[in-house]
file final-v3.pdb (PDB, C-alpha atoms, pLDDT in the B column)
ATOM      1  CA  MET F  13     -89.056  25.449 -30.130  1.00 48.00           C
ATOM      2  CA  LEU F  14     -85.318  25.941 -29.608  1.00 47.00           C
ATOM      3  CA  GLY F  15     -82.251  24.389 -28.131  1.00 46.00           C
ATOM      4  CA  LEU F  16     -81.829  24.903 -24.402  1.00 45.00           C
ATOM      5  CA  GLY F  17     -78.959  27.356 -24.036  1.00 45.00           C
ATOM      6  CA  CYS F  18     -79.595  28.726 -20.527  1.00 48.00           C
ATOM      7  CA  PRO F  19     -78.409  27.003 -17.335  1.00 50.00           C
ATOM      8  CA  LYS F  20     -80.984  24.489 -16.151  1.00 51.00           C
ATOM      9  CA  GLN F  21     -80.516  25.812 -12.605  1.00 55.00           C
ATOM     10  CA  ALA F  22     -82.448  28.923 -13.641  1.00 67.00           C
ATOM     11  CA  PHE F  23     -85.569  26.795 -14.109  1.00 76.00           C
ATOM     12  CA  ALA F  24     -87.604  24.721 -11.684  1.00 87.00           C
ATOM     13  CA  LYS F  25     -88.681  21.246 -12.770  1.00 88.00           C
ATOM     14  CA  ILE F  26     -92.326  20.778 -11.800  1.00 89.00           C
ATOM     15  CA  ALA F  27     -93.237  17.507 -13.539  1.00 88.00           C
ATOM     16  CA  THR F  28     -91.817  14.503 -15.382  1.00 90.00           C
ATOM     17  CA  PRO F  29     -94.550  13.206 -17.699  1.00 88.00           C
ATOM     18  CA  GLN F  30     -94.421   9.528 -18.591  1.00 89.00           C
ATOM     19  CA  PHE F  31     -93.934   8.541 -22.229  1.00 90.00           C
ATOM     20  CA  ASP F  32     -93.627   5.249 -24.061  1.00 91.00           C
ATOM     21  CA  SER F  33     -90.054   4.821 -25.327  1.00 90.00           C
ATOM     22  CA  ARG F  34     -90.886   1.671 -27.306  1.00 91.00           C
ATOM     23  CA  PRO F  35     -92.516   3.231 -30.421  1.00 92.00           C
ATOM     24  CA  GLU F  36     -90.143   4.136 -33.236  1.00 94.00           C
ATOM     25  CA  ILE F  37     -91.324   7.747 -33.062  1.00 93.00           C
ATOM     26  CA  ASN F  38     -89.621   8.163 -29.677  1.00 95.00           C
ATOM     27  CA  THR F  39     -86.253   6.739 -30.726  1.00 96.00           C
ATOM     28  CA  GLY F  40     -83.471   8.497 -28.833  1.00 95.00           C
ATOM     29  CA  VAL F  41     -85.695  10.274 -26.289  1.00 96.00           C
ATOM     30  CA  GLU F  42     -84.221   9.953 -22.788  1.00 95.00           C
ATOM     31  CA  ALA F  43     -86.417  12.318 -20.785  1.00 94.00           C
ATOM     32  CA  TYR F  44     -89.457  14.577 -21.066  1.00 95.00           C
ATOM     33  CA  SER F  45     -89.842  17.244 -18.382  1.00 94.00           C
ATOM     34  CA  VAL F  46     -91.948  20.279 -17.537  1.00 93.00           C
ATOM     35  CA  TYR F  47     -90.167  23.360 -16.212  1.00 93.00           C
ATOM     36  CA  GLU F  48     -91.324  26.711 -14.938  1.00 91.00           C
ATOM     37  CA  ASN F  49     -89.588  30.066 -14.831  1.00 88.00           C
ATOM     38  CA  LYS F  50     -91.271  33.225 -13.515  1.00 87.00           C
ATOM     39  CA  GLY F  51     -94.708  31.699 -13.992  1.00 87.00           C
ATOM     40  CA  ILE F  52     -94.043  30.507 -17.535  1.00 89.00           C
ATOM     41  CA  LYS F  53     -94.262  26.759 -18.138  1.00 91.00           C
ATOM     42  CA  PHE F  54     -92.486  24.950 -20.950  1.00 93.00           C
ATOM     43  CA  ASN F  55     -91.432  21.420 -21.820  1.00 94.00           C
ATOM     44  CA  VAL F  56     -87.913  20.085 -22.299  1.00 94.00           C
ATOM     45  CA  VAL F  57     -87.093  17.021 -24.394  1.00 95.00           C
ATOM     46  CA  ASP F  58     -83.773  15.276 -23.767  1.00 95.00           C
ATOM     47  CA  TYR F  59     -82.844  13.520 -27.011  1.00 96.00           C
ATOM     48  CA  ARG F  60     -79.668  11.556 -27.657  1.00 96.00           C
ATOM     49  CA  ASP F  61     -78.925  11.181 -31.347  1.00 95.00           C
ATOM     50  CA  PRO F  62     -78.400   7.429 -31.915  1.00 96.00           C
ATOM     51  CA  GLU F  63     -76.103   8.229 -34.836  1.00 96.00           C
ATOM     52  CA  THR F  64     -73.623  10.474 -32.997  1.00 95.00           C
ATOM     53  CA  GLY F  65     -74.385   9.862 -29.313  1.00 96.00           C
ATOM     54  CA  LYS F  66     -74.698  13.612 -28.773  1.00 95.00           C
ATOM     55  CA  LEU F  67     -77.293  14.796 -26.248  1.00 95.00           C
ATOM     56  CA  HIS F  68     -79.672  17.564 -27.338  1.00 94.00           C
ATOM     57  CA  ARG F  69     -82.194  19.429 -25.194  1.00 93.00           C
ATOM     58  CA  PHE F  70     -85.162  21.017 -26.917  1.00 93.00           C
ATOM     59  CA  VAL F  71     -87.442  23.594 -25.314  1.00 92.00           C
ATOM     60  CA  THR F  72     -91.026  23.792 -26.546  1.00 92.00           C
ATOM     61  CA  THR F  73     -94.451  25.059 -25.632  1.00 91.00           C
ATOM     62  CA  LEU F  74     -96.142  22.472 -27.851  1.00 90.00           C
ATOM     63  CA  PRO F  75     -98.883  20.508 -26.029  1.00 89.00           C
ATOM     64  CA  MET F  76     -97.966  17.396 -24.062  1.00 87.00           C
ATOM     65  CA  THR F  77    -100.132  15.318 -26.404  1.00 88.00           C
ATOM     66  CA  ILE F  78     -97.333  15.493 -28.995  1.00 91.00           C
ATOM     67  CA  ASN F  79     -94.776  12.703 -28.749  1.00 92.00           C
ATOM     68  CA  PRO F  80     -91.376  13.943 -27.531  1.00 95.00           C
ATOM     69  CA  GLY F  81     -89.760  12.125 -30.462  1.00 94.00           C
ATOM     70  CA  THR F  82     -91.886  14.178 -32.849  1.00 93.00           C
ATOM     71  CA  ILE F  83     -90.609  17.368 -31.216  1.00 93.00           C
ATOM     72  CA  ALA F  84     -87.014  16.214 -31.654  1.00 92.00           C
ATOM     73  CA  MET F  85     -87.589  15.390 -35.335  1.00 90.00           C
ATOM     74  CA  LEU F  86     -89.261  18.743 -35.973  1.00 88.00           C
ATOM     75  CA  TYR F  87     -86.134  20.429 -34.695  1.00 86.00           C
ATOM     76  CA  PHE F  88     -83.823  18.277 -36.812  1.00 81.00           C
ATOM     77  CA  LYS F  89     -85.957  18.890 -39.906  1.00 80.00           C
ATOM     78  CA  ARG F  90     -85.981  22.666 -39.431  1.00 82.00           C
ATOM     79  CA  TRP F  91     -83.514  22.929 -42.341  1.00 76.00           C
ATOM     80  CA  THR F  92     -86.406  22.138 -44.691  1.00 78.00           C
ATOM     81  CA  ILE F  93     -87.525  25.787 -44.571  1.00 82.00           C
ATOM     82  CA  GLU F  94     -84.111  26.812 -45.906  1.00 86.00           C
ATOM     83  CA  LYS F  95     -84.760  24.666 -48.983  1.00 85.00           C
ATOM     84  CA  THR F  96     -87.951  26.666 -49.554  1.00 87.00           C
ATOM     85  CA  PHE F  97     -86.050  29.936 -49.299  1.00 88.00           C
ATOM     86  CA  ASN F  98     -83.487  28.569 -51.749  1.00 89.00           C
ATOM     87  CA  ASN F  99     -86.238  27.761 -54.256  1.00 91.00           C
ATOM     88  CA  THR F 100     -87.814  31.197 -54.031  1.00 91.00           C
ATOM     89  CA  LYS F 101     -84.503  33.052 -54.314  1.00 91.00           C
ATOM     90  CA  SER F 102     -82.742  30.891 -56.913  1.00 91.00           C
ATOM     91  CA  ASN F 103     -85.625  29.640 -59.056  1.00 90.00           C
ATOM     92  CA  PHE F 104     -88.313  32.296 -58.592  1.00 90.00           C
ATOM     93  CA  LYS F 105     -85.779  35.168 -58.545  1.00 90.00           C
ATOM     94  CA  GLU F 106     -87.532  36.723 -55.552  1.00 90.00           C
ATOM     95  CA  THR F 107     -84.415  38.397 -54.183  1.00 90.00           C
ATOM     96  CA  LYS F 108     -85.769  41.909 -53.712  1.00 90.00           C
ATOM     97  CA  ALA F 109     -88.879  43.458 -52.254  1.00 90.00           C
ATOM     98  CA  TRP F 110     -91.310  44.865 -54.778  1.00 88.00           C
ATOM     99  CA  SER F 111     -92.017  47.898 -52.658  1.00 90.00           C
ATOM    100  CA  SER F 112     -91.749  49.307 -49.152  1.00 91.00           C
ATOM    101  CA  ASN F 113     -95.549  49.420 -49.002  1.00 92.00           C
ATOM    102  CA  THR F 114     -96.947  46.888 -46.526  1.00 93.00           C
ATOM    103  CA  ARG F 115     -99.762  45.749 -48.808  1.00 93.00           C
ATOM    104  CA  SER F 116     -97.383  45.263 -51.735  1.00 93.00           C
ATOM    105  CA  LEU F 117     -95.073  43.184 -49.557  1.00 93.00           C
ATOM    106  CA  GLU F 118     -97.990  41.061 -48.369  1.00 94.00           C
ATOM    107  CA  ASN F 119     -99.097  40.462 -51.969  1.00 94.00           C
ATOM    108  CA  GLN F 120     -95.551  39.505 -52.952  1.00 93.00           C
ATOM    109  CA  MET F 121     -95.397  36.988 -50.099  1.00 92.00           C
ATOM    110  CA  ARG F 122     -98.798  35.528 -51.021  1.00 95.00           C
ATOM    111  CA  LEU F 123     -97.955  35.163 -54.710  1.00 94.00           C
ATOM    112  CA  THR F 124     -94.585  33.626 -53.912  1.00 93.00           C
ATOM    113  CA  ALA F 125     -96.198  31.137 -51.507  1.00 93.00           C
ATOM    114  CA  MET F 126     -98.899  30.279 -54.058  1.00 94.00           C
ATOM    115  CA  SER F 127     -96.285  29.691 -56.765  1.00 92.00           C
ATOM    116  CA  TYR F 128     -94.203  27.520 -54.471  1.00 92.00           C
ATOM    117  CA  ASN F 129     -97.212  25.469 -53.335  1.00 92.00           C
ATOM    118  CA  LEU F 130     -98.301  24.935 -56.953  1.00 91.00           C
ATOM    119  CA  MET F 131     -94.852  23.622 -57.887  1.00 91.00           C
ATOM    120  CA  ARG F 132     -94.811  21.437 -54.794  1.00 91.00           C
ATOM    121  CA  VAL F 133     -98.224  19.932 -55.604  1.00 92.00           C
ATOM    122  CA  PHE F 134     -97.118  19.014 -59.134  1.00 91.00           C
ATOM    123  CA  GLU F 135     -93.889  17.409 -57.946  1.00 89.00           C
ATOM    124  CA  GLU F 136     -95.510  15.446 -55.108  1.00 87.00           C
ATOM    125  CA  ILE F 137     -98.379  14.222 -57.316  1.00 89.00           C
ATOM    126  CA  SER F 138     -95.920  13.029 -59.955  1.00 87.00           C
ATOM    127  CA  LYS F 139     -94.331  10.770 -57.319  1.00 83.00           C
ATOM    128  CA  THR F 140     -97.644   8.998 -56.712  1.00 83.00           C
ATOM    129  CA  GLN F 141     -98.389   8.178 -60.350  1.00 79.00           C
ATOM    130  CA  GLN F 142     -96.229   5.053 -60.359  1.00 78.00           C
ATOM    131  CA  PRO F 143     -95.398   3.776 -56.838  1.00 74.00           C
ATOM    132  CA  GLU F 144     -92.533   1.634 -58.161  1.00 80.00           C
ATOM    133  CA  LEU F 145     -90.707   4.812 -59.220  1.00 82.00           C
ATOM    134  CA  ILE F 146     -89.107   7.551 -57.111  1.00 84.00           C
ATOM    135  CA  HIS F 147     -87.877  11.090 -57.687  1.00 83.00           C
ATOM    136  CA  PRO F 148     -84.128  11.529 -58.389  1.00 83.00           C
ATOM    137  CA  SER F 149     -83.771  13.748 -55.286  1.00 81.00           C
ATOM    138  CA  ASP F 150     -85.273  10.985 -53.128  1.00 83.00           C
ATOM    139  CA  LYS F 151     -82.831   8.486 -54.625  1.00 83.00           C
ATOM    140  CA  LYS F 152     -79.902  10.775 -53.811  1.00 85.00           C
ATOM    141  CA  TYR F 153     -81.184  11.320 -50.262  1.00 86.00           C
ATOM    142  CA  SER F 154     -81.660   7.573 -49.694  1.00 87.00           C
ATOM    143  CA  GLU F 155     -78.163   6.847 -50.954  1.00 90.00           C
ATOM    144  CA  ALA F 156     -76.712   9.411 -48.542  1.00 91.00           C
ATOM    145  CA  LEU F 157     -78.677   7.885 -45.656  1.00 93.00           C
ATOM    146  CA  GLU F 158     -77.420   4.400 -46.519  1.00 94.00           C
ATOM    147  CA  ILE F 159     -73.831   5.674 -46.398  1.00 96.00           C
ATOM    148  CA  ARG F 160     -74.481   7.351 -43.036  1.00 95.00           C
ATOM    149  CA  GLN F 161     -76.037   4.136 -41.741  1.00 96.00           C
ATOM    150  CA  GLN F 162     -73.005   2.096 -42.791  1.00 97.00           C
ATOM    151  CA  GLN F 163     -70.639   4.564 -41.127  1.00 97.00           C
ATOM    152  CA  ALA F 164     -72.734   4.618 -37.948  1.00 97.00           C
ATOM    153  CA  GLN F 165     -72.842   0.809 -37.752  1.00 97.00           C
ATOM    154  CA  LYS F 166     -69.051   0.726 -37.763  1.00 97.00           C
ATOM    155  CA  ARG F 167     -69.281   2.691 -34.487  1.00 96.00           C
ATOM    156  CA  ASP F 168     -72.047   0.391 -33.136  1.00 97.00           C
ATOM    157  CA  ARG F 169     -74.599   3.141 -33.726  1.00 97.00           C
ATOM    158  CA  PHE F 170     -77.463   3.721 -36.166  1.00 96.00           C
ATOM    159  CA  VAL F 171     -79.312   6.510 -37.954  1.00 95.00           C
ATOM    160  CA  ASN F 172     -82.696   7.346 -36.444  1.00 94.00           C
ATOM    161  CA  PRO F 173     -85.166   5.302 -38.572  1.00 92.00           C
ATOM    162  CA  LEU F 174     -87.456   8.330 -38.832  1.00 90.00           C
ATOM    163  CA  PHE F 175     -84.982   9.892 -41.256  1.00 89.00           C
ATOM    164  CA  PHE F 176     -85.790   7.102 -43.729  1.00 87.00           C
ATOM    165  CA  GLN F 177     -89.438   8.105 -43.897  1.00 83.00           C
ATOM    166  CA  ALA F 178     -91.038  10.593 -46.291  1.00 72.00           C
ATOM    167  CA  ARG F 179     -89.556  14.075 -46.376  1.00 77.00           C
ATOM    168  CA  ILE F 180     -90.056  17.438 -48.029  1.00 76.00           C
ATOM    169  CA  SER F 181     -87.093  18.249 -50.245  1.00 81.00           C
ATOM    170  CA  ARG F 182     -86.117  21.170 -52.413  1.00 86.00           C
ATOM    171  CA  ILE F 183     -88.313  21.388 -55.523  1.00 89.00           C
ATOM    172  CA  SER F 184     -86.188  20.319 -58.467  1.00 88.00           C
ATOM    173  CA  SER F 185     -85.233  22.818 -61.150  1.00 88.00           C
ATOM    174  CA  TYR F 186     -86.620  20.337 -63.691  1.00 89.00           C
ATOM    175  CA  THR F 187     -90.126  20.606 -62.210  1.00 91.00           C
ATOM    176  CA  ILE F 188     -89.981  24.388 -62.166  1.00 91.00           C
ATOM    177  CA  ARG F 189     -88.771  24.586 -65.776  1.00 90.00           C
ATOM    178  CA  ALA F 190     -91.453  22.105 -66.818  1.00 91.00           C
ATOM    179  CA  VAL F 191     -94.164  24.276 -65.257  1.00 91.00           C
ATOM    180  CA  GLN F 192     -92.782  27.366 -66.959  1.00 90.00           C
ATOM    181  CA  ASN F 193     -92.663  25.615 -70.346  1.00 91.00           C
ATOM    182  CA  ALA F 194     -96.197  24.270 -69.902  1.00 92.00           C
ATOM    183  CA  ILE F 195     -97.509  27.771 -69.260  1.00 91.00           C
ATOM    184  CA  ILE F 196     -95.628  29.278 -72.206  1.00 94.00           C
ATOM    185  CA  THR F 197     -96.557  26.546 -74.717  1.00 94.00           C
ATOM    186  CA  GLY F 198    -100.092  25.865 -73.472  1.00 94.00           C
ATOM    187  CA  MET F 199     -99.252  22.193 -72.826  1.00 92.00           C
ATOM    188  CA  SER F 200    -102.114  20.081 -71.506  1.00 92.00           C
ATOM    189  CA  LEU F 201    -102.049  19.010 -67.871  1.00 89.00           C
ATOM    190  CA  GLN F 202    -101.899  15.353 -68.913  1.00 89.00           C
ATOM    191  CA  CYS F 203     -98.825  15.882 -71.082  1.00 92.00           C
ATOM    192  CA  PHE F 204     -97.228  18.007 -68.400  1.00 91.00           C
ATOM    193  CA  MET F 205     -97.684  15.362 -65.695  1.00 90.00           C
ATOM    194  CA  SER F 206     -96.397  12.680 -68.077  1.00 91.00           C
ATOM    195  CA  SER F 207     -93.193  14.671 -68.534  1.00 90.00           C
ATOM    196  CA  LEU F 208     -92.700  14.817 -64.755  1.00 91.00           C
ATOM    197  CA  VAL F 209     -93.345  11.093 -64.330  1.00 90.00           C
ATOM    198  CA  ALA F 210     -90.835  10.369 -67.082  1.00 89.00           C
ATOM    199  CA  ARG F 211     -88.250  12.002 -64.847  1.00 87.00           C
ATOM    200  CA  LEU F 212     -88.680   9.365 -62.106  1.00 87.00           C
ATOM    201  CA  VAL F 213     -86.306   6.427 -61.681  1.00 85.00           C
ATOM    202  CA  SER F 214     -86.726   2.807 -60.602  1.00 82.00           C
ATOM    203  CA  ARG F 215     -86.550   2.016 -56.891  1.00 70.00           C
ATOM    204  CA  HIS F 216     -84.171  -0.906 -57.496  1.00 65.00           C
ATOM    205  CA  GLN F 217     -81.479   1.642 -58.344  1.00 57.00           C
ATOM    206  CA  LEU F 218     -81.201   2.529 -54.655  1.00 52.00           C
ATOM    207  CA  ILE F 219     -78.030   1.594 -52.828  1.00 46.00           C
ATOM    208  CA  GLY F 220     -78.410  -1.691 -51.012  1.00 48.00           C
ATOM    209  CA  GLU F 221     -81.411  -2.852 -53.046  1.00 49.00           C
ATOM    210  CA  HIS F 222     -81.113  -5.728 -55.541  1.00 40.00           C
TER     211      HIS F 222
END

call {"tool": "encode", "arguments": {"input": "final-v3.pdb", "output": "structure tokens"}}
result
Amino acid sequence: MLGLGCPKQAFAKIATPQFDSRPEINTGVEAYSVYENKGIKFNVVDYRDPETGKLHRFVTTLPMTINPGTIAMLYFKRWTIEKTFNNTKSNFKETKAWSSNTRSLENQMRLTAMSYNLMRVFEEISKTQQPELIHPSDKKYSEALEIRQQQAQKRDRFVNPLFFQARISRISSYTIRAVQNAIITGMSLQCFMSSLVARLVSRHQLIGEH
């Protein structure tokens, strides 16, 4: 999936599949088309960001069963992978390859992925322990979205409501340090999870909520 950077004249439109623009998932989608170039078929989603009014065109080979709005959101959320890289480089100190040997590199990648997934599981589970509480990073993200929404409304626009739904954020340094301390001290899983839950904050602290 990528932005359409080549002239559309180089491609032949062969179909315009129908889609339902009413569901929230398809917010901002203006068109969904099938193109062909030298025997290769691909789909193009025309998405106008309701916050900025800017038109984006996304090229994908994902199946037509996927909502075009989902494709647009996947593109906008592509930055999430950069947060993962940031965690592994900054927190896990995986800045250099262990070896030039292919097997060693594969093992390094597997161990890094396993460590990241373990941290992610702990942080996400801690958020479900008390539904009335949220993670500090979620609070910060929600506050930023509220500010963007207020600024957009002044221009008679709005932030795509899908941005207000659940997201995958950068794993907090607190969670990573807590896991490290638990391993070093032999802390029980129950005590460890309690320390993560204690880090959560009340939902009523969000901007705009009273």

call {"tool": "atom_distance", "arguments": {"input": "final-v3.pdb", "atom1": "CA of Phe175 (chain F)", "atom2": "CA of Gln163 (chain F)"}}
result
15.3 Å

call {"tool": "atom_distance", "arguments": {"input": "final-v3.pdb", "atom1": "CA of Thr64 (chain F)", "atom2": "CA of Leu86 (chain F)"}}
result
17.9 Å

call {"tool": "closest_atom_pairs", "arguments": {"input": "final-v3.pdb", "of": "region 136-184 of chain F", "to": "region 92-105 of chain F", "cutoff": "12 Å", "atoms": "all atoms listed in the file", "output": "JSON lines"}}
result
{"residue": "F:Arg179", "atom": "CA", "partner": "F:Thr92", "partner_atom": "CA", "distance": 8.8}
{"residue": "F:Ile180", "atom": "CA", "partner": "F:Thr92", "partner_atom": "CA", "distance": 6.8}
{"residue": "F:Ser181", "atom": "CA", "partner": "F:Thr92", "partner_atom": "CA", "distance": 6.8}
{"residue": "F:Arg182", "atom": "CA", "partner": "F:Lys95", "partner_atom": "CA", "distance": 5.1}
{"residue": "F:Ile183", "atom": "CA", "partner": "F:Asn99", "partner_atom": "CA", "distance": 6.8}
{"residue": "F:Ser184", "atom": "CA", "partner": "F:Asn99", "partner_atom": "CA", "distance": 8.6}

call {"tool": "closest_residue", "arguments": {"input": "final-v3.pdb", "among": "F:Asn193, F:Thr77, F:Asn113, F:Asn119", "to": "Ser207 (chain F)", "atoms": "only C-alpha atoms"}}
result
F:Asn193

call {"tool": "resolve_selection", "arguments": {"input": "final-v3.pdb", "expression": "the PyMOL selection byres ((chain F and resi 135) around 12)", "output": "ChimeraX atom specification"}}
result
/F:128-134,136-141,146-150,180-191,204-212

call {"tool": "residues_near_point", "arguments": {"input": "final-v3.pdb", "point": "(-87.6, 20.0, -25.1)", "cutoff": "9 Å", "atoms": "only C-alpha atoms", "output": "ChimeraX atom specification"}}
result
/F:13-16,43-46,54-59,68-73,80,83-84

call {"tool": "closest_residue", "arguments": {"input": "final-v3.pdb", "among": "F:Met76, F:Thr114, F:Lys151, F:Glu106", "to": "Ala27 (chain F)", "atoms": "only C-alpha atoms"}}
result
F:Met76

call {"tool": "atom_distance", "arguments": {"input": "final-v3.pdb", "atom1": "CA of Ala164 (chain F)", "atom2": "CA of Asn38 (chain F)"}}
result
19.1 Å

call {"tool": "decode", "arguments": {"input": "final-v3.pdb", "residues": "region 22-31 of chain F", "atoms": "all heavy atoms", "output": "PDB file, in the first residue's frame"}}
result
ATOM      1  N   ALA F  22      -1.356   6.814 -16.870  1.00  0.00           N
ATOM      2  CA  ALA F  22      -0.577   5.619 -17.197  1.00  0.00           C
ATOM      3  C   ALA F  22      -1.353   4.347 -16.869  1.00  0.00           C
ATOM      4  O   ALA F  22      -0.944   3.262 -17.262  1.00  0.00           O
ATOM      5  CB  ALA F  22       0.728   5.637 -16.417  1.00  0.00           C
ATOM      6  N   PHE F  23      -2.481   4.488 -16.177  1.00  0.00           N
ATOM      7  CA  PHE F  23      -3.267   3.331 -15.775  1.00  0.00           C
ATOM      8  C   PHE F  23      -4.640   3.390 -16.428  1.00  0.00           C
ATOM      9  O   PHE F  23      -5.164   4.462 -16.720  1.00  0.00           O
ATOM     10  CB  PHE F  23      -3.419   3.290 -14.250  1.00  0.00           C
ATOM     11  CG  PHE F  23      -2.133   3.500 -13.500  1.00  0.00           C
ATOM     12  CD1 PHE F  23      -2.011   4.520 -12.565  1.00  0.00           C
ATOM     13  CD2 PHE F  23      -1.038   2.692 -13.743  1.00  0.00           C
ATOM     14  CE1 PHE F  23      -0.824   4.719 -11.874  1.00  0.00           C
ATOM     15  CE2 PHE F  23       0.143   2.876 -13.065  1.00  0.00           C
ATOM     16  CZ  PHE F  23       0.258   3.889 -12.131  1.00  0.00           C
ATOM     17  N   ALA F  24      -5.228   2.228 -16.611  1.00  0.00           N
ATOM     18  CA  ALA F  24      -6.573   2.137 -17.179  1.00  0.00           C
ATOM     19  C   ALA F  24      -7.549   1.727 -16.090  1.00  0.00           C
ATOM     20  O   ALA F  24      -7.373   0.695 -15.450  1.00  0.00           O
ATOM     21  CB  ALA F  24      -6.590   1.127 -18.320  1.00  0.00           C
ATOM     22  N   LYS F  25      -8.589   2.550 -15.869  1.00  0.00           N
ATOM     23  CA  LYS F  25      -9.608   2.199 -14.900  1.00  0.00           C
ATOM     24  C   LYS F  25     -10.518   1.136 -15.508  1.00  0.00           C
ATOM     25  O   LYS F  25     -11.055   1.315 -16.590  1.00  0.00           O
ATOM     26  CB  LYS F  25     -10.438   3.409 -14.501  1.00  0.00           C
ATOM     27  CG  LYS F  25     -11.503   3.094 -13.443  1.00  0.00           C
ATOM     28  CD  LYS F  25     -12.448   4.266 -13.217  1.00  0.00           C
ATOM     29  CE  LYS F  25     -11.748   5.403 -12.526  1.00  0.00           C
ATOM     30  NZ  LYS F  25     -12.721   6.481 -12.126  1.00  0.00           N
ATOM     31  N   ILE F  26     -10.686   0.022 -14.805  1.00  0.00           N
ATOM     32  CA  ILE F  26     -11.488  -1.075 -15.342  1.00  0.00           C
ATOM     33  C   ILE F  26     -12.756  -1.330 -14.542  1.00  0.00           C
ATOM     34  O   ILE F  26     -13.638  -2.060 -14.993  1.00  0.00           O
ATOM     35  CB  ILE F  26     -10.662  -2.376 -15.431  1.00  0.00           C
ATOM     36  CG1 ILE F  26     -10.181  -2.797 -14.046  1.00  0.00           C
ATOM     37  CG2 ILE F  26      -9.486  -2.200 -16.380  1.00  0.00           C
ATOM     38  CD1 ILE F  26      -9.463  -4.141 -14.039  1.00  0.00           C
ATOM     39  N   ALA F  27     -12.865  -0.736 -13.332  1.00  0.00           N
ATOM     40  CA  ALA F  27     -14.066  -0.940 -12.533  1.00  0.00           C
ATOM     41  C   ALA F  27     -14.158   0.121 -11.446  1.00  0.00           C
ATOM     42  O   ALA F  27     -13.139   0.688 -11.021  1.00  0.00           O
ATOM     43  CB  ALA F  27     -14.079  -2.329 -11.899  1.00  0.00           C
ATOM     44  N   THR F  28     -15.395   0.398 -11.019  1.00  0.00           N
ATOM     45  CA  THR F  28     -15.649   1.313  -9.915  1.00  0.00           C
ATOM     46  C   THR F  28     -16.574   0.620  -8.926  1.00  0.00           C
ATOM     47  O   THR F  28     -17.810   0.772  -8.993  1.00  0.00           O
ATOM     48  CB  THR F  28     -16.286   2.626 -10.408  1.00  0.00           C
ATOM     49  OG1 THR F  28     -15.465   3.197 -11.435  1.00  0.00           O
ATOM     50  CG2 THR F  28     -16.419   3.627  -9.264  1.00  0.00           C
ATOM     51  N   PRO F  29     -16.019  -0.181  -8.032  1.00  0.00           N
ATOM     52  CA  PRO F  29     -16.844  -0.926  -7.073  1.00  0.00           C
ATOM     53  C   PRO F  29     -17.683   0.007  -6.196  1.00  0.00           C
ATOM     54  O   PRO F  29     -17.245   1.090  -5.829  1.00  0.00           O
ATOM     55  CB  PRO F  29     -15.811  -1.686  -6.240  1.00  0.00           C
ATOM     56  CG  PRO F  29     -14.573  -1.694  -7.077  1.00  0.00           C
ATOM     57  CD  PRO F  29     -14.594  -0.415  -7.832  1.00  0.00           C
ATOM     58  N   GLN F  30     -18.889  -0.415  -5.883  1.00  0.00           N
ATOM     59  CA  GLN F  30     -19.753   0.348  -5.011  1.00  0.00           C
ATOM     60  C   GLN F  30     -19.357   0.119  -3.551  1.00  0.00           C
ATOM     61  O   GLN F  30     -18.930  -0.964  -3.178  1.00  0.00           O
ATOM     62  CB  GLN F  30     -21.213  -0.059  -5.224  1.00  0.00           C
ATOM     63  CG  GLN F  30     -21.718   0.212  -6.636  1.00  0.00           C
ATOM     64  CD  GLN F  30     -21.700   1.693  -6.975  1.00  0.00           C
ATOM     65  OE1 GLN F  30     -22.162   2.519  -6.192  1.00  0.00           O
ATOM     66  NE2 GLN F  30     -21.141   2.026  -8.137  1.00  0.00           N
ATOM     67  N   PHE F  31     -19.474   1.139  -2.738  1.00  0.00           N
ATOM     68  CA  PHE F  31     -19.219   1.021  -1.308  1.00  0.00           C
ATOM     69  C   PHE F  31     -20.208   1.911  -0.561  1.00  0.00           C
ATOM     70  O   PHE F  31     -20.722   2.890  -1.116  1.00  0.00           O
ATOM     71  CB  PHE F  31     -17.775   1.396  -0.962  1.00  0.00           C
ATOM     72  CG  PHE F  31     -17.465   2.854  -1.164  1.00  0.00           C
ATOM     73  CD1 PHE F  31     -17.546   3.752  -0.104  1.00  0.00           C
ATOM     74  CD2 PHE F  31     -17.087   3.346  -2.405  1.00  0.00           C
ATOM     75  CE1 PHE F  31     -17.273   5.103  -0.283  1.00  0.00           C
ATOM     76  CE2 PHE F  31     -16.811   4.696  -2.592  1.00  0.00           C
ATOM     77  CZ  PHE F  31     -16.891   5.574  -1.526  1.00  0.00           C
TER      78      PHE F  31
END
